[in-house]
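Text of work_7.tsv (TSV, C-alpha atoms) as supplied:
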chain	number	residue	atom	x	y	z
A	1	MET	CA	-6.79	63.54	5.87
A	2	GLN	CA	-9.85	65.48	4.73
A	3	LYS	CA	-11.69	65.01	1.46
A	4	LEU	CA	-14.91	66.33	-0.03
A	5	THR	CA	-16.65	64.70	-2.97
A	6	PHE	CA	-19.51	66.35	-4.83
A	7	ILE	CA	-21.81	63.99	-6.76
A	8	ASN	CA	-24.29	65.63	-9.13
A	9	LEU	CA	-27.58	64.28	-10.44
A	10	ARG	CA	-25.84	62.63	-13.40
A	11	GLY	CA	-23.62	60.68	-11.04
A	12	GLU	CA	-20.52	62.71	-11.97
A	13	ALA	CA	-18.12	63.07	-9.04
A	14	VAL	CA	-15.67	65.90	-8.28
A	15	GLU	CA	-13.13	65.26	-5.52
A	16	PHE	CA	-11.44	67.95	-3.46
A	17	GLY	CA	-8.56	66.36	-1.56
A	18	GLY	CA	-4.82	66.21	-1.17
A	19	GLY	CA	-3.95	65.63	-4.83
A	20	PRO	CA	-4.55	67.22	-8.24
A	21	PRO	CA	-6.45	68.47	-10.05
A	22	TYR	CA	-8.61	70.01	-7.26
A	23	VAL	CA	-6.39	70.39	-4.19
A	24	LEU	CA	-8.22	71.20	-0.96
A	25	GLU	CA	-6.73	73.99	1.15
A	26	LYS	CA	-9.28	74.34	3.95
A	27	VAL	CA	-12.98	73.77	4.66
A	28	ARG	CA	-15.44	75.45	7.01
A	29	GLY	CA	-19.05	74.78	7.99
A	30	LEU	CA	-18.71	71.18	9.20
A	31	GLY	CA	-19.72	71.81	12.82
A	32	LYS	CA	-22.95	72.80	14.50
A	33	PRO	CA	-25.21	74.98	12.33
A	34	GLY	CA	-26.72	78.24	13.49
A	35	TYR	CA	-30.19	78.26	15.01
A	36	LYS	CA	-33.11	80.49	15.90
A	37	LEU	CA	-34.44	80.12	19.43
A	38	SER	CA	-38.14	80.70	20.06
A	39	ALA	CA	-38.82	82.07	23.53
A	40	ALA	CA	-41.45	83.91	25.52
A	41	ARG	CA	-41.03	86.54	28.21
A	42	GLY	CA	-43.72	87.30	30.74
A	43	VAL	CA	-44.44	90.48	32.63
A	44	TYR	CA	-41.76	91.07	35.27
A	45	GLN	CA	-39.96	87.90	34.16
A	46	HIS	CA	-36.19	87.89	34.34
A	47	GLY	CA	-34.73	86.41	31.19
A	48	GLU	CA	-36.98	84.31	28.99
A	49	THR	CA	-38.59	80.88	28.67
A	50	PRO	CA	-37.43	78.94	25.59
A	51	TYR	CA	-39.99	76.66	23.95
A	52	GLY	CA	-38.42	75.64	20.64
A	53	PHE	CA	-35.68	76.16	18.09
A	54	GLN	CA	-35.06	75.94	14.36
A	55	LEU	CA	-31.72	75.10	12.79
A	56	ASP	CA	-30.50	77.27	9.91
A	57	SER	CA	-29.42	75.93	6.55
A	58	ARG	CA	-25.81	74.77	6.47
A	59	TYR	CA	-23.12	76.42	4.35
A	60	VAL	CA	-20.00	74.38	3.67
A	61	GLU	CA	-17.25	76.69	2.40
A	62	LEU	CA	-13.99	75.47	0.98
A	63	SER	CA	-10.84	76.96	-0.50
A	64	PHE	CA	-8.91	74.99	-3.11
A	65	HIS	CA	-6.62	75.41	-6.07
A	66	ILE	CA	-6.70	73.80	-9.49
A	67	GLN	CA	-3.50	72.13	-10.65
A	68	GLY	CA	-2.97	71.29	-14.31
A	69	ARG	CA	-0.18	69.49	-16.17
A	70	SER	CA	-0.11	72.36	-18.65
A	71	ARG	CA	-1.94	75.61	-19.20
A	72	VAL	CA	-4.31	73.89	-21.62
A	73	ASP	CA	-4.98	71.13	-19.09
A	74	LEU	CA	-5.51	73.75	-16.37
A	75	TYR	CA	-8.28	75.52	-18.27
A	76	GLN	CA	-9.80	72.20	-19.28
A	77	LYS	CA	-10.00	71.16	-15.62
A	78	ARG	CA	-11.64	74.47	-14.75
A	79	GLN	CA	-14.27	74.01	-17.44
A	80	GLU	CA	-14.94	70.40	-16.36
A	81	LEU	CA	-15.39	71.57	-12.78
A	82	LEU	CA	-17.86	74.29	-13.72
A	83	ALA	CA	-19.82	71.81	-15.85
A	84	ALA	CA	-20.07	69.32	-12.98
A	85	LEU	CA	-21.26	72.09	-10.61
A	86	ALA	CA	-23.85	73.56	-13.00
A	87	MET	CA	-27.25	74.19	-11.42
A	88	PRO	CA	-29.32	71.90	-13.71
A	89	VAL	CA	-27.25	68.90	-12.59
A	90	ALA	CA	-27.27	69.95	-8.92
A	91	PHE	CA	-30.99	70.62	-8.45
A	92	ASP	CA	-33.87	69.79	-10.78
A	93	GLY	CA	-36.74	71.07	-8.65
A	94	THR	CA	-37.17	67.86	-6.66
A	95	ARG	CA	-33.80	66.09	-6.40
A	96	LEU	CA	-30.61	67.49	-4.88
A	97	ALA	CA	-26.98	66.59	-5.46
A	98	ARG	CA	-24.87	65.15	-2.64
A	99	LEU	CA	-21.74	66.29	-0.86
A	100	ILE	CA	-19.67	63.65	0.96
A	101	TYR	CA	-17.20	64.66	3.66
A	102	GLN	CA	-14.52	62.20	4.76
A	103	ASN	CA	-11.79	62.38	7.39
A	104	ASP	CA	-9.66	59.87	9.29
A	105	TYR	CA	-12.55	59.03	11.62
A	106	GLY	CA	-15.39	58.43	9.15
A	107	SER	CA	-17.56	59.61	6.28
A	108	TRP	CA	-20.90	61.46	6.08
A	109	TRP	CA	-23.07	63.00	3.36
A	110	ILE	CA	-25.50	65.87	2.95
A	111	HIS	CA	-27.69	67.27	0.16
A	112	ALA	CA	-26.03	70.34	-1.35
A	113	ILE	CA	-26.37	73.04	-3.99
A	114	PRO	CA	-23.06	74.61	-5.15
A	115	GLU	CA	-22.58	78.37	-5.28
A	116	GLY	CA	-19.52	79.50	-7.25
A	117	PRO	CA	-16.62	79.22	-7.91
A	118	ASP	CA	-14.97	81.74	-10.22
A	119	PRO	CA	-11.27	80.84	-10.08
A	120	ASP	CA	-9.21	83.44	-11.95
A	121	ILE	CA	-5.89	83.92	-10.11
A	122	ARG	CA	-3.34	82.02	-12.19
A	123	LEU	CA	0.30	81.20	-11.46
A	124	GLN	CA	1.85	79.12	-14.25
A	125	ASN	CA	-0.28	75.94	-14.38
A	126	TRP	CA	-2.20	76.68	-11.16
A	127	LEU	CA	-5.40	78.56	-10.39
A	128	LEU	CA	-5.05	79.73	-6.80
A	129	SER	CA	-7.37	80.26	-3.82
A	130	ALA	CA	-10.62	79.43	-5.53
A	131	LYS	CA	-13.65	79.74	-3.25
A	132	LEU	CA	-16.65	77.41	-3.37
A	133	CYS	CA	-19.74	77.30	-1.15
A	134	PHE	CA	-22.23	74.45	-0.86
A	135	ARG	CA	-25.67	75.44	0.38
A	136	CYS	CA	-27.28	72.57	2.32
A	137	PRO	CA	-31.03	73.13	2.97
A	138	ASN	CA	-31.13	70.32	5.55
A	139	PRO	CA	-28.31	70.98	8.04
A	140	TYR	CA	-27.91	67.37	9.24
A	141	TRP	CA	-25.03	65.20	8.11
A	142	LYS	CA	-26.10	61.59	7.49
A	143	ALA	CA	-24.15	58.39	7.96
A	144	ASN	CA	-23.20	56.58	4.76
A	145	VAL	CA	-24.64	53.30	6.03
A	146	SER	CA	-28.24	52.83	7.20
A	147	ASP	CA	-29.25	50.53	10.06
A	148	ALA	CA	-32.19	48.14	10.10
A	149	LEU	CA	-34.30	46.08	12.48
A	150	THR	CA	-36.74	43.31	11.58
A	151	LEU	CA	-39.50	42.19	13.94
A	152	ALA	CA	-41.23	38.93	13.05
A	153	MET	CA	-42.84	35.90	14.67
A	154	ASN	CA	-40.56	34.27	17.27
A	155	GLU	CA	-37.53	36.42	16.61
A	156	ALA	CA	-36.22	39.91	17.25
A	157	THR	CA	-33.11	41.35	15.68
A	158	PHE	CA	-31.29	43.72	18.01
A	159	LYS	CA	-29.17	46.47	16.43
A	160	LEU	CA	-26.40	47.09	18.95
A	161	PRO	CA	-23.76	49.82	18.87
A	162	PHE	CA	-21.34	47.21	17.55
A	163	GLY	CA	-23.62	46.50	14.60
A	164	PHE	CA	-23.97	42.79	15.35
A	165	PRO	CA	-27.51	41.37	14.92
A	166	VAL	CA	-28.42	39.05	17.79
A	167	ARG	CA	-31.34	36.66	17.43
A	168	LEU	CA	-33.29	35.86	20.55
A	169	GLY	CA	-35.65	32.94	20.01
A	170	ASN	CA	-39.20	33.15	21.31
A	171	ARG	CA	-39.04	36.87	22.16
A	172	GLY	CA	-42.02	37.59	19.96
A	173	PHE	CA	-42.31	41.03	18.44
A	174	TYR	CA	-39.94	43.10	20.61
A	175	GLY	CA	-36.66	44.62	19.55
A	176	THR	CA	-34.16	47.35	20.34
A	177	ALA	CA	-33.11	49.85	17.66
A	178	PHE	CA	-29.85	51.69	18.33
A	179	ASN	CA	-29.61	55.18	16.84
A	180	GLY	CA	-25.93	56.10	16.80
A	181	GLY	CA	-26.55	59.68	15.70
A	182	GLN	CA	-26.59	62.94	17.65
A	183	VAL	CA	-30.25	63.74	16.94
A	184	VAL	CA	-33.51	61.87	16.34
A	185	ALA	CA	-33.71	59.73	13.20
A	186	PRO	CA	-36.95	59.39	11.18
A	187	PRO	CA	-37.32	55.72	10.20
A	188	LEU	CA	-38.66	54.11	7.04
A	189	ILE	CA	-41.20	51.46	8.06
A	190	GLU	CA	-42.18	48.51	5.85
A	191	ILE	CA	-45.11	46.38	7.01
A	192	ALA	CA	-45.66	43.09	5.20
A	193	GLY	CA	-49.34	42.54	4.42
A	194	SER	CA	-50.97	39.57	6.14
A	195	GLY	CA	-54.58	40.72	6.42
A	196	GLU	CA	-54.01	42.33	9.85
A	197	THR	CA	-54.26	45.76	11.46
A	198	PRO	CA	-51.02	46.00	13.49
A	199	THR	CA	-49.53	48.72	15.71
A	200	LEU	CA	-45.87	49.71	15.97
A	201	ILE	CA	-44.89	51.29	19.31
A	202	ASN	CA	-41.72	53.05	20.38
A	203	HIS	CA	-41.83	52.58	24.16
A	204	THR	CA	-38.84	54.91	24.57
A	205	THR	CA	-40.64	57.93	23.08
A	206	GLY	CA	-44.27	56.86	23.59
A	207	ALA	CA	-45.08	57.36	19.89
A	208	SER	CA	-47.02	54.78	17.90
A	209	ILE	CA	-48.33	54.11	14.41
A	210	THR	CA	-51.51	52.06	13.93
A	211	VAL	CA	-52.67	50.49	10.68
A	212	ALA	CA	-56.46	50.82	10.74
A	213	ARG	CA	-57.14	49.10	7.42
A	214	ALA	CA	-55.88	45.60	6.68
A	215	VAL	CA	-53.05	45.29	4.16
A	216	ALA	CA	-53.62	42.42	1.75
A	217	THR	CA	-51.29	39.45	1.94
A	218	GLY	CA	-48.43	39.92	-0.52
A	219	ASP	CA	-48.62	43.73	-0.42
A	220	LEU	CA	-46.18	46.00	1.42
A	221	LEU	CA	-47.17	49.13	3.35
A	222	VAL	CA	-44.26	51.61	3.20
A	223	ILE	CA	-44.32	54.51	5.68
A	224	ASP	CA	-41.70	57.26	5.38
A	225	THR	CA	-41.60	59.40	8.54
A	226	ASP	CA	-38.96	61.84	7.27
A	227	PRO	CA	-40.51	65.35	7.51
A	228	GLU	CA	-38.97	66.16	4.12
A	229	ALA	CA	-40.58	63.15	2.44
A	230	LEU	CA	-43.65	62.12	4.45
A	231	SER	CA	-45.51	59.41	2.57
A	232	VAL	CA	-47.62	56.28	3.00
A	233	VAL	CA	-47.67	53.94	0.02
A	234	ILE	CA	-48.93	50.43	-0.72
A	235	ARG	CA	-46.57	48.49	-2.98
A	236	THR	CA	-48.63	45.70	-4.48
A	237	ALA	CA	-47.39	42.28	-5.49
A	238	GLN	CA	-47.77	43.46	-9.09
A	239	GLY	CA	-45.32	46.34	-8.51
A	240	GLU	CA	-47.84	49.20	-8.32
A	241	ALA	CA	-47.38	52.08	-5.85
A	242	ILE	CA	-50.70	53.34	-4.42
A	243	PRO	CA	-51.07	56.30	-2.00
A	244	ALA	CA	-52.34	54.91	1.29
A	245	HIS	CA	-52.61	57.61	3.97
A	246	GLY	CA	-56.11	56.32	4.67
A	247	TYR	CA	-54.65	53.05	5.96
A	248	LEU	CA	-53.34	54.69	9.14
A	249	GLY	CA	-55.30	55.30	12.33
A	250	LEU	CA	-56.21	58.86	13.26
A	251	ASP	CA	-53.92	58.70	16.31
A	252	SER	CA	-50.85	57.99	14.16
A	253	SER	CA	-48.33	60.83	13.89
A	254	LEU	CA	-45.88	60.25	11.04
A	255	ALA	CA	-43.48	63.09	11.84
A	256	GLY	CA	-43.71	62.27	15.54
A	257	PHE	CA	-42.51	58.69	15.19
A	258	THR	CA	-38.74	58.96	15.55
A	259	LEU	CA	-35.81	57.10	17.06
A	260	ARG	CA	-34.01	58.95	19.84
A	261	PRO	CA	-30.21	58.86	20.04
A	262	GLY	CA	-29.24	55.65	21.81
A	263	MET	CA	-31.45	52.65	22.45
A	264	ASN	CA	-35.14	52.59	21.43
A	265	GLU	CA	-37.43	49.82	22.71
A	266	LEU	CA	-39.84	48.85	19.93
A	267	GLU	CA	-42.88	46.57	19.93
A	268	TYR	CA	-44.87	45.32	16.96
A	269	LYS	CA	-48.42	44.22	17.82
A	270	PRO	CA	-50.32	42.43	15.02
A	271	SER	CA	-54.07	42.07	15.55
A	272	ALA	CA	-53.75	38.34	14.85
A	273	PRO	CA	-50.09	37.24	15.02
A	274	SER	CA	-49.04	34.72	12.39
A	275	ILE	CA	-45.88	33.46	10.73
A	276	ASP	CA	-46.49	36.10	8.01
A	277	SER	CA	-46.50	39.04	10.48
A	278	LEU	CA	-43.41	41.14	9.82
A	279	VAL	CA	-42.20	44.74	10.00
A	280	ARG	CA	-38.84	46.21	8.93
A	281	ILE	CA	-37.56	49.50	10.31
A	282	ARG	CA	-34.68	51.29	8.56
A	283	TRP	CA	-32.97	54.50	9.68
A	284	THR	CA	-29.92	56.60	8.96
A	285	PRO	CA	-28.08	58.22	11.91
A	286	ARG	CA	-27.85	62.02	11.66
A	287	MET	CA	-25.27	64.45	13.02
A	288	GLU	CA	-25.42	68.16	13.84
A	289	GLY	CA	-21.70	68.40	13.28
A	290	VAL	CA	-18.81	66.23	12.13
Would it be possible to restate this file's structure as structure tokens?
Amino acid sequence: MQKLTFINLRGEAVEFGGGPPYVLEKVRGLGKPGYKLSAARGVYQHGETPYGFQLDSRYVELSFHIQGRSRVDLYQKRQELLAALAMPVAFDGTRLARLIYQNDYGSWWIHAIPEGPDPDIRLQNWLLSAKLCFRCPNPYWKANVSDALTLAMNEATFKLPFGFPVRLGNRGFYGTAFNGGQVVAPPLIEIAGSGETPTLINHTTGASITVARAVATGDLLVIDTDPEALSVVIRTAQGEAIPAHGYLGLDSSLAGFTLRPGMNELEYKPSAPSIDSLVRIRWTPRMEGV
């Protein structure tokens, strides 16, 4: 079983699956995306020395047909489809629509902009072999469910591959975050204010983030390390959102703080540990291909 569901910015969903009105025939573009390899070649060197790569945008292409109960219903379904795929409800300059892919093993989603279709081959109450392409600027598929780890005084919540949280009393501020994806995952970090200047360390990667300016008790420092949405914001107890890049130490690298595939050993080091010291780390596993 394969199914694709497009959800536009109005929350309208179009499903391409095994039943009418939009019957999926085949889909391509689910696997590894293309890439550009950066490499250098010295004088008299055989071959080359690679030093980096960039993944291309993903293109998910599908073939489907539209099945109507009557000719009137057929053309109505075509118009409804084109309305749901219209550009203003797929991309508004900042937000992107979503495409969800599901098979017998699992389900994943990706941001997508539709290109096409123009179905015009009709046989009775069917429009045949319509082509539709979804352009996905970020090539990574994302899991539908995010994982989370909380580090607080006298407890650590371990996120294991089985998804069971295990509490270990008196372990302080250490924990293990399991990234079940194929590539690194940029976490969302929420530090509860307690008048401290803490540091969060990923001992697996060596990266760290230091808060150089104390966050007031009751406030929340929210750090988004996703390269597409890098931000540091203070959410006050009154509900305000205040830009707060100045709260971080100069040695903090937002885009460099990631979770590798597999286990990541994390440590949270408050300057003055207390019962109010707490950090939450949330991440969504990412896949190069599904």
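CA of Ala152 in chain A lies 12.2 Å from CA of Leu266 in chain A.
As for CA of His203 in chain A and CA of Ile281 in chain A, they are spaced 14.8 Å apart.
CA of Asp104 in chain A to CA of Lys26 in chain A spans 15.4 Å [interatomic distance, one decimal].
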With distances taken over only C-alpha atoms, the candidate from A:Ser57, A:Thr199, A:Ser129, A:Gln124 nearest Pro273 in chain A is A:Thr199
Which residues come within 12 Å of Gly34 in chain A, counting all atoms listed in the file, excluding same-chain residues fewer than 4 positions away, as number ranges by chain? A: 29-30, 53-59, 139-140, 288-289
* To do: Give me the residues within 7 Å of Val233 in chain A as a PyMOL selection string, counting only C-alpha atoms and dropping any in the same chain fewer than 3 places off.
  => chain A and resi 221-223+241-244
